[in-house]
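What follows is data-v7.txt (compact mmCIF, C-alpha atoms).
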```
# COMPACT_ATOMS: atom_id res chain seq x y z
CA MET K 1 0.00 0.00 0.00
CA LYS K 2 1.29 3.43 -0.86
CA ALA K 3 1.98 6.02 1.83
CA HIS K 4 -0.19 8.54 -0.04
CA GLY K 5 -3.24 6.26 0.26
CA LEU K 6 -2.67 5.76 3.97
CA ARG K 7 -2.31 9.48 4.52
CA ALA K 8 -5.61 10.11 2.67
CA ALA K 9 -7.38 7.50 4.78
CA VAL K 10 -6.11 8.98 8.04
CA LEU K 11 -7.08 12.50 6.92
CA ALA K 12 -10.60 11.28 5.98
CA THR K 13 -10.93 9.68 9.42
CA LEU K 14 -9.83 12.89 11.14
CA ALA K 15 -12.30 14.87 9.01
CA VAL K 16 -15.17 12.61 10.09
CA TRP K 17 -14.15 12.94 13.75
CA ALA K 18 -14.04 16.72 13.33
CA ALA K 19 -17.54 16.65 11.79
CA LEU K 20 -18.86 14.56 14.69
CA TRP K 21 -17.21 16.92 17.18
CA GLY K 22 -18.85 19.85 15.39
CA LEU K 23 -22.24 18.17 15.71
CA SER K 24 -21.71 17.75 19.44
CA LEU K 25 -20.97 21.51 19.73
CA VAL K 26 -24.28 22.27 18.03
CA GLY K 27 -26.12 20.12 20.58
CA VAL K 28 -26.45 16.78 18.78
CA HIS K 29 -25.60 14.11 21.33
CA LEU K 30 -24.22 10.95 19.77
CA HIS K 31 -23.49 7.74 21.58
CA PRO K 32 -19.75 7.31 22.23
CA VAL K 33 -19.73 4.02 20.30
CA ILE K 34 -20.93 5.84 17.18
CA VAL K 35 -18.30 8.53 17.63
CA LEU K 36 -15.58 5.83 17.67
CA ALA K 37 -17.08 3.30 15.25
CA VAL K 38 -18.00 5.49 12.27
CA PRO K 39 -14.55 6.95 11.61
CA LEU K 40 -12.84 3.63 12.26
CA LEU K 41 -15.20 1.87 9.85
CA LEU K 42 -14.40 4.49 7.26
CA LEU K 43 -10.68 4.00 7.80
CA GLY K 44 -11.01 0.22 7.65
CA THR K 45 -13.03 0.37 4.46
CA VAL K 46 -10.53 2.63 2.73
CA LEU K 47 -7.63 0.45 3.82
CA LEU K 48 -9.30 -2.79 2.69
CA ARG K 49 -10.14 -1.35 -0.72
CA ARG K 50 -6.50 -0.56 -1.33
CA ILE K 51 -5.19 -4.07 -0.58
CA GLU K 52 -4.28 -6.00 -3.70
CA LEU K 53 -5.14 -9.67 -3.55
CA GLY K 54 -2.79 -12.16 -5.11
CA PRO K 55 -3.66 -15.61 -6.40
CA PRO K 56 -5.15 -18.03 -3.85
CA ALA K 57 -2.70 -20.06 -1.78
CA PHE K 58 -4.23 -23.31 -3.01
CA PRO K 59 -5.93 -24.27 -6.27
CA VAL K 60 -9.68 -23.74 -6.29
CA ARG K 61 -11.69 -26.25 -8.30
CA GLU K 62 -15.37 -26.69 -8.79
CA PRO K 63 -16.70 -30.02 -7.51
CA PRO K 64 -17.42 -32.48 -10.31
CA ALA K 65 -21.01 -32.67 -11.46
CA PRO K 66 -22.83 -35.85 -10.45
CA PRO K 67 -23.12 -38.37 -13.27
CA ARG K 68 -26.36 -38.21 -15.20
CA VAL K 69 -28.42 -41.30 -14.60
CA PRO K 70 -31.12 -42.13 -17.10
CA VAL K 71 -34.52 -41.90 -15.43
CA ASP K 72 -37.16 -44.45 -16.21
CA ARG K 73 -40.54 -42.72 -15.93
CA ARG K 74 -42.15 -45.95 -14.80
CA LEU K 75 -39.81 -46.12 -11.80
CA SER K 76 -40.58 -42.51 -10.92
CA THR K 77 -44.29 -43.24 -11.13
CA LEU K 78 -43.92 -46.39 -9.06
CA THR K 79 -41.93 -44.51 -6.41
CA TRP K 80 -44.63 -41.84 -6.18
CA LEU K 81 -47.39 -44.44 -6.05
CA LEU K 82 -45.79 -46.38 -3.23
CA ARG K 83 -45.05 -43.24 -1.24
CA GLU K 84 -48.65 -42.04 -1.58
CA ALA K 85 -50.32 -45.46 -1.24
CA THR K 86 -51.76 -44.95 2.23
CA SER K 87 -52.99 -41.39 1.71
CA PRO K 88 -56.57 -40.96 0.44
CA ARG K 89 -55.54 -38.65 -2.44
CA GLY K 90 -52.67 -40.86 -3.59
CA TRP K 91 -54.84 -43.95 -3.27
CA ASP K 92 -57.74 -42.62 -5.33
CA ARG K 93 -55.65 -40.91 -8.02
CA GLY K 94 -52.89 -43.45 -8.52
CA VAL K 95 -52.67 -46.68 -6.58
CA ARG K 96 -56.27 -47.89 -6.57
CA PRO K 97 -56.80 -47.53 -10.35
CA HIS K 98 -53.59 -49.48 -11.04
CA LEU K 99 -54.45 -52.25 -8.58
CA ALA K 100 -58.05 -52.41 -9.84
CA GLN K 101 -56.84 -52.80 -13.44
CA LEU K 102 -54.35 -55.46 -12.33
CA THR K 103 -57.15 -57.31 -10.51
CA ARG K 104 -59.43 -57.17 -13.58
CA ASP K 105 -56.57 -58.38 -15.83
CA ARG K 106 -55.66 -61.29 -13.54
CA LEU K 107 -59.31 -62.30 -13.20
CA ARG K 108 -59.73 -62.24 -16.98
CA GLU K 109 -56.50 -64.21 -17.59
CA SER K 110 -56.81 -66.81 -14.84
CA GLN K 111 -60.59 -67.32 -14.66
CA ALA K 112 -61.77 -66.01 -18.05
CA ILE K 113 -64.18 -63.68 -16.26
CA ASP K 114 -64.71 -60.12 -17.45
CA VAL K 115 -65.85 -57.76 -14.69
CA GLY K 116 -67.75 -55.60 -17.19
CA THR K 117 -69.83 -58.41 -18.70
CA ASP K 118 -70.28 -60.71 -15.67
CA PRO K 119 -70.07 -58.59 -12.50
CA GLU K 120 -72.02 -61.02 -10.25
CA ARG K 121 -69.70 -63.92 -10.96
CA ALA K 122 -66.64 -61.64 -10.63
CA ARG K 123 -67.89 -60.36 -7.27
CA ALA K 124 -68.47 -63.86 -5.97
CA LEU K 125 -64.97 -64.96 -7.01
CA LEU K 126 -63.16 -61.82 -5.82
CA GLY K 127 -64.78 -61.42 -2.42
CA GLU K 128 -65.91 -58.15 -0.90
CA GLU K 129 -62.46 -56.64 -0.34
CA LEU K 130 -61.25 -57.03 -3.94
CA TRP K 131 -64.70 -56.22 -5.34
CA GLU K 132 -64.64 -52.88 -3.48
CA LEU K 133 -61.18 -52.28 -4.97
CA VAL K 134 -62.43 -52.97 -8.52
CA SER K 135 -65.63 -50.97 -8.06
CA GLY K 136 -63.77 -47.98 -6.59
CA THR K 137 -65.41 -47.93 -3.18
CA THR K 138 -62.60 -49.26 -1.00
CA PRO K 139 -60.88 -46.69 1.25
CA ALA K 140 -57.11 -46.28 1.29
CA PRO K 141 -55.27 -48.89 3.36
CA ARG K 142 -54.38 -47.59 6.79
CA THR K 143 -50.98 -49.24 6.98
CA GLU K 144 -48.36 -50.69 4.69
CA ARG K 145 -49.26 -54.13 6.04
CA ASP K 146 -52.86 -53.66 4.81
CA LEU K 147 -51.52 -52.72 1.37
CA ILE K 148 -49.25 -55.79 1.30
CA ARG K 149 -52.17 -58.04 2.28
CA LEU K 150 -54.28 -56.56 -0.53
CA ILE K 151 -51.52 -57.10 -3.10
CA GLU K 152 -51.01 -60.69 -1.92
CA ARG K 153 -54.73 -61.30 -2.34
CA ILE K 154 -54.51 -60.01 -5.94
CA GLN K 155 -51.54 -62.28 -6.60
CA SER K 156 -53.47 -65.30 -5.39
CA LEU K 157 -56.05 -64.95 -8.19
```
Translate the structure of the given file into structure tokens.
Amino acid sequence: MKAHGLRAAVLATLAVWAALWGLSLVGVHLHPVIVLAVPLLLLGTVLLRRIELGPPAFPVREPPAPPRVPVDRRLSTLTWLLREATSPRGWDRGVRPHLAQLTRDRLRESQAIDVGTDPERARALLGEELWELVSGTTPAPRTERDLIRLIERIQSL
């Protein structure tokens, strides 16, 4: 830092102190902390602006970007469905329709029964719990164990 810059900073600090002293003569009472802090902050700011920074002492590198993993939309959907399975909104909008379609497909493939054309026979074979699932009247399972039991029942068709 040049001596001229330091001299200018000290003179600016003295000028601010003189201005504060002049205010106190006029009757403006300032807290002593302000009288000390304002000129010293001014001096510090001037001094810091004049410091030239060299290169950093150690190399600075950006962290590597995480590798891009291809996202399968079906896995994203499945993750959302399982997370929301026991909430009423997630059940009605996502999980129940998928499980109901799976139940209808398994019933058609294993028993050759179409729920749309033969609902009485389908209801008798499915039982009340699965029939409510297919008809859309079953509430969301309260626990994960209830959901597992329902899926196992579908698998047994």
Which residues of stretch 87-109 of chain K come within 9 Å of stretch 130-133 of chain K, and what is each one's closest atom pair and distance in Å (one decimal), counting all atoms listed in the file, sorted by chain and residue number, as JSON lines?
```
{"residue": "K:Arg96", "atom": "CA", "partner": "K:Leu133", "partner_atom": "CA", "distance": 6.8}
{"residue": "K:Pro97", "atom": "CA", "partner": "K:Leu133", "partner_atom": "CA", "distance": 8.4}
{"residue": "K:Leu99", "atom": "CA", "partner": "K:Leu133", "partner_atom": "CA", "distance": 7.6}
{"residue": "K:Ala100", "atom": "CA", "partner": "K:Leu133", "partner_atom": "CA", "distance": 5.8}
{"residue": "K:Thr103", "atom": "CA", "partner": "K:Leu130", "partner_atom": "CA", "distance": 7.7}
```
Skipping near chain neighbours, those fewer than 2 positions away, what residues fall within 7 Å of stretch 39-52 of chain K using only C-alpha atoms, listed as number ranges by chain?
-> K: 1, 9-10, 13, 16-17, 36-37, 54
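From atom CA of K:Ala122 back to atom CA of K:Arg104, the distance works out to 9.0 Å.
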Measuring atom to atom with all atoms listed in the file, identify which of K:Ala65, K:Leu23, K:Ala18, K:Leu157 is nearest to K:Arg106.
-> K:Leu157
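Across the model, the gap from atom CA of K:Gly94 to atom CA of K:Thr117 is 24.8 Å.
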Excluding K:Leu125 and residues on its chain fewer than 2 positions from it, collect all residues at most 12 Å away from it, counting all atoms listed in the file, and give them as a ChimeraX atom specification.
-> /K:103-104,106-108,110-115,118-123,127-131,153-154,156-157
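The space between atom CA of K:Glu152 and atom CA of K:Thr137 spans 19.3 Å.
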Residue nearest K:Leu14 among K:Val35, K:Val26, K:Ala57, K:Leu126 (counting all atoms listed in the file) = K:Val35
Tell me, as a ChimeraX atom specification, which residues lie within 9 Å of K:Ser87, counting all atoms listed in the file; anything in the same chain fewer than 5 positions away does not count.
-> /K:92,140-142
